[in-house]
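Here the structure is laid out as structure tokens; the discussion comes afterwards.
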Number of protein chains: 2
Amino acid sequence: MRGTVLYGPRDVRFEERPEPEIIEPTDAIIRTAATCVCGSDLWPYRGDDPVTEPRPMGHEYCGVVEEVGGAVRNIKPGQFVVGSFFSSDNTCPICQAGYQSRCVRGELAAPTGAQAPFIRVTLADGTLVATPDLPEDDLVPSLLAASDVLGTGWFAADAADVKPGSTAAIVGDGAVGLCAVIAARQMGAERIIMMSRHEARATLAREFGATDIVGERGDEGVARVKELTGGLGAHSVVEAVGTQESMMQAIRSTRPGGHVGFVGVTHGVEIPGQELFFSEVHLLGGPAPVRRFLPELIDLIWNRKIDPGKVFDLRLPLEQVAEGYKAMDERRAIKALLMP
Amino acid sequence: MRGTVLYGPRDVRFEERPEPEIIEPTDAIIRTAATCVCGSDLWPYRGDDPVTEPRPMGHEYCGVVEEVGGAVRNIKPGQFVVGSFFSSDNTCPICQAGYQSRCVRGELAAPTGAQAPFIRVTLADGTLVATPDLPEDDLVPSLLAASDVLGTGWFAADAADVKPGSTAAIVGDGAVGLCAVIAARQMGAERIIMMSRHEARATLAREFGATDIVGERGDEGVARVKELTGGLGAHSVVEAVGTQESMMQAIRSTRPGGHVGFVGVTHGVEIPGQELFFSEVHLLGGPAPVRRFLPELIDLIWNRKIDPGKVFDLRLPLEQVAEGYKAMDERRAIKALLMP
């Protein structure tokens with residue numbers, strides 16, 4: 001088969017790769033229905049994370065189980081499944097507490113890279129969740145979104161403790177931030193403020209449930225959120241970028257006693273302790289424990305209550321994966337869907 | 001009257017001061033039953049916080065109401081009251097959410113300084129809580145502790161989400177850390193690990209309910225907590241020091257998905273964003289909203305369920321306040337009680 005490999009900054013190749021095989025008895029092999037490029041793939045693509053050797057790419061996936069290892073009990077060949085980027089046994093104390101992205105046995109879910117027609121998934125039983133049946137084609141992008149970008153936006157809103165009737169603000173208008181709007185809406189937020197100065201993204205945010213769009217950034221963005229919240233700040237703020245500016249904007253936009261959920265992979269961020277102390281906000285972030293939310297997300301998608309697949313505004317054959325990276329890097333696309 | 005004023009590093013004077021008077025109609029004047037020196041008073045005492053002009057000192061107090069302003073409705077002369085270091089109207093949205101230390105109308109509760117025989121307290125109705133009756137003398141130290149050190153330890157344990165059956169660890173064996181042990185015990189923690197290498201403090205920690213004493217610090221302390229918790233880390237960690245080392249020790253001692261409550265006033269702390277991201281712990285700290293907990297704390301003390309007054313291991317007449325600072329600075333005393 002051919003799969004995606006990153007050789008260095010802006011050097012993505014779709015090239016011959018060995019077809020993945022079962023290695024551990026807990027593995028499964030999946031025939032990819034759809035995969036995509038993640039905002040976090042752009043860090044190494046842009047050279048912001050070093051690439052020391054050719055790296056198989058992709059960690060978002062859904063598809064049909066081809067084969068399972070001898071120890072796999074719940075997942076069966078022929079099932080359509082969605083999984084997270086990080087595998088989990090779903091039984092250890094950390095998983096049981098809902099933090100499957102930090103499972104004590106966890107590893108990369110798709111070590112052979114998910115931007116490929118076949119994928120080896122580790123700890124299949126604890127990582128994969130099957131859909132009720134084979135999905136209709138138009139549901140596939142949304143199910144794929146559940147694999148990471150929706151699960152991450154959902155975790156961010158959950159970490160930011162969005163409650164019915166509350167005000168949520170979202171810093172970051174990428175696919176994760178947009179999915180956080182979906183989550184905040186589902187969790188009952190009355191007011192959802194999206195920080196965006198990008199027309200197409202703001203429009204999609206409104207479609208997903210945002211009630212206010214704020215174009216200002218940094219301190220001006222903070223001041224605008226305060227203005228919209230009686231001077232207090234939002235109850236819940238999602239940080240979905242990962243820079244110093246976005247983190248401080250998120251903390252400063254939150255009212256005392258409020259919650260920040262941060263899911264942008266932090267790059268060069270230092271949080272000043274004294275400011276955090278006196279801001280008195282709850283802070284929780286990290287790699288999203290997508291597995292915790294997958295059953296609920298699949299249910300909402302299956303019953304067409306949410307349509308996160310709309311974040312894919314570019315659809316390409318998998319072999320054109322390099323163009324997917326390029327379009328996202330140049331912000332021509334929010335998120336590129338890749339069809340094998 | 002005479003009151004306490006800090007002129008510069010290690011220069012505490014007990015000197016003639018004007019007797020406080022009602023200024024705002026929401027004020028009350030209290031005759032101090034007991035006051036004390038706070039760990040945070042040591043920051044300016046040691047010169048770690050600059051002292052640019054003579055500063056009236058003290059923010060912990062309990063006593064009998066002498067007089068109230070014309071707008072005070074609930075607090076009455078003759079009542080014995082306990083209040084927090086920061087005043088609150090207890091009605092604004094931030095107070096209603098339980099963050100009275102960030103009340104939109106709040107200010108210093110005792111701007112004239114609490115290490116004095118009479119104190120002016122601002123926003124008396126929202127700040128002060130009356131005891132059921134005049135207390136017996138032996139309850140006064142514990143009621144005074146509720147004013148800050150117990151309320152702060154309690155907030156730390158609450159922020160660290162201590163739950164029945166969980167494991168809590170406490171970084172910092174000062175009075176606040178020791179009171180956090182009382183709180184963790186009351187909240188039902190099964191295992192309470194106190195980080196201490198000071199015999200008298202460790203003994204008191206055990207008396208308050210600590211099940212394990214760990215003398216190691218920094219990375220070694222973290223390793224020891226991991227050893228005691230099946231390699232995972234504690235569910236709940238209280239940080240009650242405020243330095244970079246103690247903050248990182250607290251974060252690293254917490255299991256993924258666990259909670260850090262930090263109440264040491266942070267000095268020069270920078271939290272690395274990427275480590276916080278991958279540690280995936282909840283973080284909440286700040287000036288404790290003591291007012292939220294005061295009714296419960298007074299009730300527990302009144303019914304002799306807890307005895308936080310034991311943290312006072314030095315009792316002095318108020319006029320010897322300078323010796324109280326000195327003893328605490330030299331770690332000869334955990335906390336100095338001052339009797340007018």
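FYI, nothing fancy with the structure tokens labels: chains A, B, ... in order, residues from 1 per chain, ligands from 1 as they appear.
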Could I get the residues of chain B with an atom no further than 7 Å from an atom of chain A, each paired with its nearest atom pair and that distance in Å to one decimal, using only C-alpha atoms, sorted by chain and residue number, as a Markdown table?
| residue | atom | partner | partner_atom | distance |
| --- | --- | --- | --- | --- |
| B:Ile94 | CA | A:Pro256 | CA | 6.8 |
| B:Tyr99 | CA | A:Gly257 | CA | 5.9 |
| B:Arg102 | CA | A:Pro256 | CA | 6.5 |
| B:Pro256 | CA | A:Arg102 | CA | 6.5 |
| B:Gly257 | CA | A:Tyr99 | CA | 5.9 |
| B:Thr266 | CA | A:Gln274 | CA | 5.2 |
| B:His267 | CA | A:Gln274 | CA | 6.7 |
| B:Val269 | CA | A:Gly273 | CA | 4.8 |
| B:Glu270 | CA | A:Pro272 | CA | 4.8 |
| B:Ile271 | CA | A:Ile271 | CA | 4.9 |
| B:Pro272 | CA | A:Glu270 | CA | 4.8 |
| B:Gly273 | CA | A:Val269 | CA | 4.8 |
| B:Gln274 | CA | A:Thr266 | CA | 5.2 |
| B:Phe277 | CA | A:Gly286 | CA | 4.2 |
| B:Phe278 | CA | A:Gly286 | CA | 5.4 |
| B:Glu280 | CA | A:Gly286 | CA | 5.0 |
| B:Val281 | CA | A:Leu284 | CA | 6.2 |
| B:His282 | CA | A:Leu284 | CA | 4.7 |
| B:Leu283 | CA | A:Leu283 | CA | 5.0 |
| B:Leu284 | CA | A:His282 | CA | 4.7 |
| B:Gly285 | CA | A:Phe277 | CA | 5.4 |
| B:Gly286 | CA | A:Phe277 | CA | 4.2 |
| B:Pro287 | CA | A:Phe278 | CA | 6.9 |
Can you write out the residues you just picked, keeping C-alpha atoms, as a PDB file, in the first residue's frame?
ATOM      1  CA  ILE B  94     -18.833  35.938  42.023  1.00  0.00           C
ATOM      2  CA  TYR B  99     -15.518  32.994  45.264  1.00  0.00           C
ATOM      3  CA  ARG B 102     -12.865  37.955  44.462  1.00  0.00           C
ATOM      4  CA  PRO B 256      -3.511  12.328  35.492  1.00  0.00           C
ATOM      5  CA  GLY B 257      -7.043  13.591  35.957  1.00  0.00           C
ATOM      6  CA  THR B 266       3.096  32.273  44.527  1.00  0.00           C
ATOM      7  CA  HIS B 267       6.441  34.021  44.412  1.00  0.00           C
ATOM      8  CA  VAL B 269       6.561  30.763  39.956  1.00  0.00           C
ATOM      9  CA  GLU B 270       6.336  30.021  36.222  1.00  0.00           C
ATOM     10  CA  ILE B 271       4.348  26.953  35.238  1.00  0.00           C
ATOM     11  CA  PRO B 272       5.659  25.329  32.047  1.00  0.00           C
ATOM     12  CA  GLY B 273       2.625  25.000  29.771  1.00  0.00           C
ATOM     13  CA  GLN B 274       3.729  21.850  27.993  1.00  0.00           C
ATOM     14  CA  PHE B 277      -0.616  19.960  29.337  1.00  0.00           C
ATOM     15  CA  PHE B 278       0.844  16.473  29.432  1.00  0.00           C
ATOM     16  CA  GLU B 280      -3.331  16.572  32.625  1.00  0.00           C
ATOM     17  CA  VAL B 281      -4.088  17.691  36.168  1.00  0.00           C
ATOM     18  CA  HIS B 282      -6.729  20.138  37.325  1.00  0.00           C
ATOM     19  CA  LEU B 283      -5.232  23.284  38.792  1.00  0.00           C
ATOM     20  CA  LEU B 284      -7.059  25.778  40.995  1.00  0.00           C
ATOM     21  CA  GLY B 285      -5.603  28.217  43.445  1.00  0.00           C
ATOM     22  CA  GLY B 286      -5.791  31.711  44.752  1.00  0.00           C
ATOM     23  CA  PRO B 287      -6.744  33.675  47.836  1.00  0.00           C
TER      24      PRO B 287
END
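Residues surrounding Leu6 of chain B within 10 Å are Thr4, Gly8, Pro9, Arg10, Asp11, Val12, Arg13, Phe14, Asp41, Pro44, Tyr45, Val51, Glu53, Pro54, Arg55, Pro56, Met57 and Ala322 of chain B [only C-alpha atoms; sequence separation below 2 positions excluded].
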Using only C-alpha atoms, please write the residues we just selected to a file, as a PDB file, in the first residue's frame.
ATOM      1  CA  THR B   4       1.279  46.680  64.770  1.00  0.00           C
ATOM      2  CA  GLY B   8      10.810  47.432  56.713  1.00  0.00           C
ATOM      3  CA  PRO B   9      12.516  44.038  56.745  1.00  0.00           C
ATOM      4  CA  ARG B  10      12.351  42.600  60.281  1.00  0.00           C
ATOM      5  CA  ASP B  11      11.256  45.971  61.693  1.00  0.00           C
ATOM      6  CA  VAL B  12       7.894  45.346  63.388  1.00  0.00           C
ATOM      7  CA  ARG B  13       6.709  47.971  65.855  1.00  0.00           C
ATOM      8  CA  PHE B  14       3.800  47.952  68.276  1.00  0.00           C
ATOM      9  CA  ASP B  41       3.123  38.258  56.702  1.00  0.00           C
ATOM     10  CA  PRO B  44       7.217  41.499  53.564  1.00  0.00           C
ATOM     11  CA  TYR B  45       8.831  40.837  56.972  1.00  0.00           C
ATOM     12  CA  VAL B  51       7.584  47.682  52.020  1.00  0.00           C
ATOM     13  CA  GLU B  53       5.756  52.850  53.568  1.00  0.00           C
ATOM     14  CA  PRO B  54       4.865  51.872  57.137  1.00  0.00           C
ATOM     15  CA  ARG B  55       2.213  49.168  56.836  1.00  0.00           C
ATOM     16  CA  PRO B  56      -0.400  48.287  59.480  1.00  0.00           C
ATOM     17  CA  MET B  57      -0.245  44.498  59.802  1.00  0.00           C
ATOM     18  CA  ALA B 322       7.552  41.394  67.156  1.00  0.00           C
TER      19      ALA B 322
END
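The gap separating atom CA of Arg331 of chain A from atom CA of Leu178 of chain A is 14.8 Å, in Å to one decimal.
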Compile the contact shell of segment 219-222 of chain B as a PDB file with C-alpha atoms, in the first residue's frame: residues with an atom at most 8 Å away, counting only C-alpha atoms, same-chain residues fewer than 5 positions apart removed.
ATOM      1  CA  MET B 195       5.422  16.126  53.140  1.00  0.00           C
ATOM      2  CA  VAL B 214       7.290  11.847  53.588  1.00  0.00           C
ATOM      3  CA  GLN B 249       6.372  18.947  43.279  1.00  0.00           C
ATOM      4  CA  ALA B 250       2.607  19.281  43.702  1.00  0.00           C
ATOM      5  CA  ARG B 252       4.172  16.024  39.550  1.00  0.00           C
ATOM      6  CA  SER B 253       2.753  14.218  42.597  1.00  0.00           C
TER       7      SER B 253
END
Could you pull the residues within 8 Å of segment 164-169 of chain B, counting only C-alpha atoms, minus those fewer than 2 positions along the same chain, as a tab-separated table (two decimals) with C-alpha atoms, in the first residue's frame?
chain	number	residue	atom	x	y	z
B	162	VAL	CA	-10.61	15.63	48.08
B	171	VAL	CA	3.14	19.96	50.14
B	184	ALA	CA	-8.81	16.25	53.94
B	187	MET	CA	-13.70	15.30	53.50
B	188	GLY	CA	-13.10	11.58	53.86
B	189	ALA	CA	-9.65	11.03	52.37
B	190	GLU	CA	-8.52	7.50	53.17
B	191	ARG	CA	-4.85	8.26	52.89
B	192	ILE	CA	-3.28	11.61	53.72
B	193	ILE	CA	0.40	12.04	52.91
B	194	MET	CA	2.12	14.99	54.59
B	195	MET	CA	5.42	16.13	53.14
B	225	VAL	CA	4.32	9.74	46.62
B	229	THR	CA	0.06	5.29	45.25
B	234	ALA	CA	-2.24	11.15	44.52
B	235	HIS	CA	-5.79	12.02	43.54
B	236	SER	CA	-5.56	15.37	45.31
B	237	VAL	CA	-2.51	17.46	46.10
B	238	VAL	CA	-2.43	20.63	48.18
B	253	SER	CA	2.75	14.22	42.60
- Note on the structure: Restricting to only C-alpha atoms, whichever of B:Ala33, B:Ile182, B:Ile251, B:Leu294 is closest to Phe118 of chain B is B:Ala33
- Query: DSSP on the backbone: what in segment 77-289 of chain B comes out helix (DSSP H, G or I), as a PyMOL selection string?
  - Reply: chain B and resi 93-96+100-102+124-127+137-146+149-159+175-186+199-208+218-228+244-252+273-279
- Message: From a backbone DSSP assignment, name each residue in segment 183-319 of chain A labelled strand (DSSP E), as a PyMOL selection string.
- Response: chain A and resi 191-195+212-214+234-239+254-262+270-272+282-285+314-317
What are the closest atom pairs, with distances in Å to one decimal, for each residue of segment 7-56 of chain B lying within 12 Å of segment 75-78 of chain B, using only C-alpha atoms, rows by chain and rising residue number, as a Markdown table?
| residue | atom | partner | partner_atom | distance |
| --- | --- | --- | --- | --- |
| B:Thr26 | CA | B:Ile75 | CA | 10.2 |
| B:Asp27 | CA | B:Ile75 | CA | 10.1 |
| B:Ala28 | CA | B:Ile75 | CA | 8.3 |
| B:Ile29 | CA | B:Pro77 | CA | 8.9 |
| B:Ile30 | CA | B:Pro77 | CA | 8.8 |
| B:Arg31 | CA | B:Gly78 | CA | 9.8 |
- Would you mind reading off the distance between atom CA of Thr32 of chain B and atom CA of Gly47 of chain B, one decimal, in Å? 27.6 Å
- Message: I'd like the neighbourhood of segment 108-117 of chain A as number ranges by chain, where a residue qualifies if any of its atoms comes within 10 Å (using only C-alpha atoms), though same-chain residues fewer than 3 positions away should be ignored.
- Response: A: 1-5, 14-15, 17-21, 27, 29-37, 55-63, 83-88, 101, 120-124, 127-128, 318-319, 321, 338-340
Using N, CA and C atoms, can you export the residues from the last selection as a short mmCIF file (atom, residue, chain, number, x, y, z; two decimals), in the first residue's frame?
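After the write, result-v2.cif holds the following:
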data_model
loop_
_atom_site.label_atom_id
_atom_site.label_comp_id
_atom_site.auth_asym_id
_atom_site.auth_seq_id
_atom_site.Cartn_x
_atom_site.Cartn_y
_atom_site.Cartn_z
N MET A 1 0.86 -1.21 0.00
CA MET A 1 0.00 0.00 0.00
C MET A 1 0.88 1.25 0.00
N ARG A 2 0.24 2.39 -0.24
CA ARG A 2 0.97 3.65 -0.09
C ARG A 2 0.44 4.39 1.14
N GLY A 3 1.34 5.06 1.84
CA GLY A 3 0.96 5.79 3.05
C GLY A 3 1.72 7.11 3.12
N THR A 4 1.37 7.92 4.12
CA THR A 4 1.90 9.28 4.23
C THR A 4 3.10 9.33 5.17
N VAL A 5 4.18 9.95 4.71
CA VAL A 5 5.39 10.07 5.52
C VAL A 5 5.88 11.52 5.43
N PHE A 14 3.56 10.71 -0.23
CA PHE A 14 2.64 9.56 -0.21
C PHE A 14 3.37 8.46 -0.96
N GLU A 15 3.88 7.48 -0.21
CA GLU A 15 4.83 6.56 -0.81
C GLU A 15 4.57 5.12 -0.37
N ARG A 17 4.61 1.77 1.39
CA ARG A 17 4.84 1.42 2.79
C ARG A 17 4.42 -0.03 2.99
N PRO A 18 5.00 -0.70 3.97
CA PRO A 18 4.53 -2.08 4.23
C PRO A 18 3.09 -2.05 4.74
N GLU A 19 2.31 -3.02 4.32
CA GLU A 19 0.93 -3.10 4.83
C GLU A 19 1.00 -3.52 6.30
N PRO A 20 0.27 -2.87 7.18
CA PRO A 20 0.39 -3.21 8.61
C PRO A 20 -0.16 -4.59 8.91
N GLU A 21 0.46 -5.22 9.90
CA GLU A 21 0.04 -6.56 10.33
C GLU A 21 -0.17 -6.57 11.84
N ASP A 27 -3.97 -6.07 19.09
CA ASP A 27 -4.07 -5.18 17.92
C ASP A 27 -5.31 -5.48 17.07
N ILE A 29 -6.51 -4.56 12.77
CA ILE A 29 -6.21 -3.89 11.49
C ILE A 29 -7.52 -3.33 10.95
N ILE A 30 -7.47 -2.07 10.54
CA ILE A 30 -8.66 -1.38 10.04
C ILE A 30 -8.43 -0.95 8.59
N ARG A 31 -9.46 -1.13 7.77
CA ARG A 31 -9.46 -0.57 6.42
C ARG A 31 -10.07 0.82 6.53
N THR A 32 -9.27 1.83 6.26
CA THR A 32 -9.66 3.21 6.50
C THR A 32 -10.84 3.63 5.62
N ALA A 33 -11.89 4.15 6.24
CA ALA A 33 -13.00 4.73 5.48
C ALA A 33 -12.70 6.19 5.15
N ALA A 34 -12.10 6.87 6.10
CA ALA A 34 -11.69 8.27 5.89
C ALA A 34 -10.64 8.62 6.93
N THR A 35 -9.77 9.53 6.57
CA THR A 35 -8.78 10.06 7.51
C THR A 35 -8.62 11.55 7.21
N CYS A 36 -7.70 12.21 7.89
CA CYS A 36 -7.62 13.66 7.68
C CYS A 36 -6.31 14.20 8.23
N VAL A 37 -6.11 15.49 7.99
CA VAL A 37 -4.93 16.20 8.50
C VAL A 37 -5.36 16.97 9.75
N ARG A 55 8.69 10.27 9.30
CA ARG A 55 7.65 9.96 10.28
C ARG A 55 6.33 9.63 9.58
N PRO A 56 5.80 8.40 9.80
CA PRO A 56 4.47 8.10 9.26
C PRO A 56 3.45 9.01 9.94
N MET A 57 2.53 9.57 9.16
CA MET A 57 1.66 10.62 9.69
C MET A 57 0.20 10.17 9.80
N GLY A 58 -0.52 10.90 10.63
CA GLY A 58 -1.96 10.70 10.75
C GLY A 58 -2.33 9.95 12.01
N HIS A 59 -3.35 10.45 12.70
CA HIS A 59 -3.80 9.78 13.92
C HIS A 59 -5.32 9.86 14.06
N GLU A 60 -6.00 10.27 13.02
CA GLU A 60 -7.47 10.34 13.04
C GLU A 60 -7.99 9.34 12.03
N TYR A 61 -8.97 8.55 12.41
CA TYR A 61 -9.37 7.45 11.53
C TYR A 61 -10.73 6.91 11.92
N CYS A 62 -11.40 6.34 10.94
CA CYS A 62 -12.54 5.46 11.18
C CYS A 62 -12.55 4.48 10.00
N GLY A 63 -13.20 3.36 10.20
CA GLY A 63 -13.21 2.40 9.11
C GLY A 63 -13.70 1.04 9.57
N GLY A 83 -11.87 5.37 16.62
CA GLY A 83 -10.95 5.29 17.75
C GLY A 83 -10.23 6.60 17.96
N SER A 84 -9.57 6.69 19.10
CA SER A 84 -8.83 7.89 19.43
C SER A 84 -7.40 7.81 18.93
N PHE A 85 -6.68 8.90 19.02
CA PHE A 85 -5.28 8.97 18.60
C PHE A 85 -4.36 8.25 19.59
N PHE A 86 -4.85 8.05 20.81
CA PHE A 86 -4.04 7.40 21.84
C PHE A 86 -4.82 6.18 22.30
N SER A 87 -4.14 5.05 22.40
CA SER A 87 -4.87 3.85 22.78
C SER A 87 -4.99 3.74 24.29
N SER A 88 -5.95 2.95 24.73
CA SER A 88 -6.24 2.83 26.16
C SER A 88 -6.82 1.44 26.41
N SER A 101 -6.63 9.10 27.72
CA SER A 101 -5.46 9.58 26.98
C SER A 101 -4.19 9.46 27.81
N ARG A 120 -2.85 -0.19 11.65
CA ARG A 120 -2.79 -1.06 12.82
C ARG A 120 -3.15 -0.24 14.04
N VAL A 121 -4.14 -0.69 14.81
CA VAL A 121 -4.57 0.02 16.02
C VAL A 121 -4.22 -0.83 17.23
N THR A 122 -3.56 -0.21 18.21
CA THR A 122 -3.14 -0.91 19.42
C THR A 122 -4.26 -0.93 20.46
N LEU A 123 -4.23 -1.90 21.36
CA LEU A 123 -5.24 -2.03 22.44
C LEU A 123 -6.65 -1.85 21.89
N ALA A 124 -6.96 -2.64 20.86
CA ALA A 124 -8.20 -2.43 20.10
C ALA A 124 -9.45 -2.45 20.98
N THR A 127 -9.78 0.79 22.88
CA THR A 127 -9.60 2.02 22.12
C THR A 127 -10.74 2.28 21.13
N LEU A 128 -11.20 1.22 20.50
CA LEU A 128 -12.17 1.38 19.40
C LEU A 128 -13.60 1.29 19.92
N LEU A 318 -6.92 10.41 -0.91
CA LEU A 318 -5.80 10.26 0.02
C LEU A 318 -4.45 10.53 -0.63
N GLU A 319 -4.34 10.12 -1.91
CA GLU A 319 -3.03 10.29 -2.56
C GLU A 319 -2.63 11.76 -2.71
N VAL A 321 -2.66 13.86 -0.31
CA VAL A 321 -2.51 14.30 1.08
C VAL A 321 -1.62 15.55 1.21
N LEU A 338 -9.54 13.19 3.82
CA LEU A 338 -8.80 12.36 2.86
C LEU A 338 -9.52 11.03 2.68
N MET A 339 -9.85 10.72 1.41
CA MET A 339 -10.59 9.48 1.14
C MET A 339 -9.70 8.50 0.40
N PRO A 340 -9.44 7.34 0.99
CA PRO A 340 -8.60 6.34 0.32
C PRO A 340 -9.30 5.82 -0.95
#
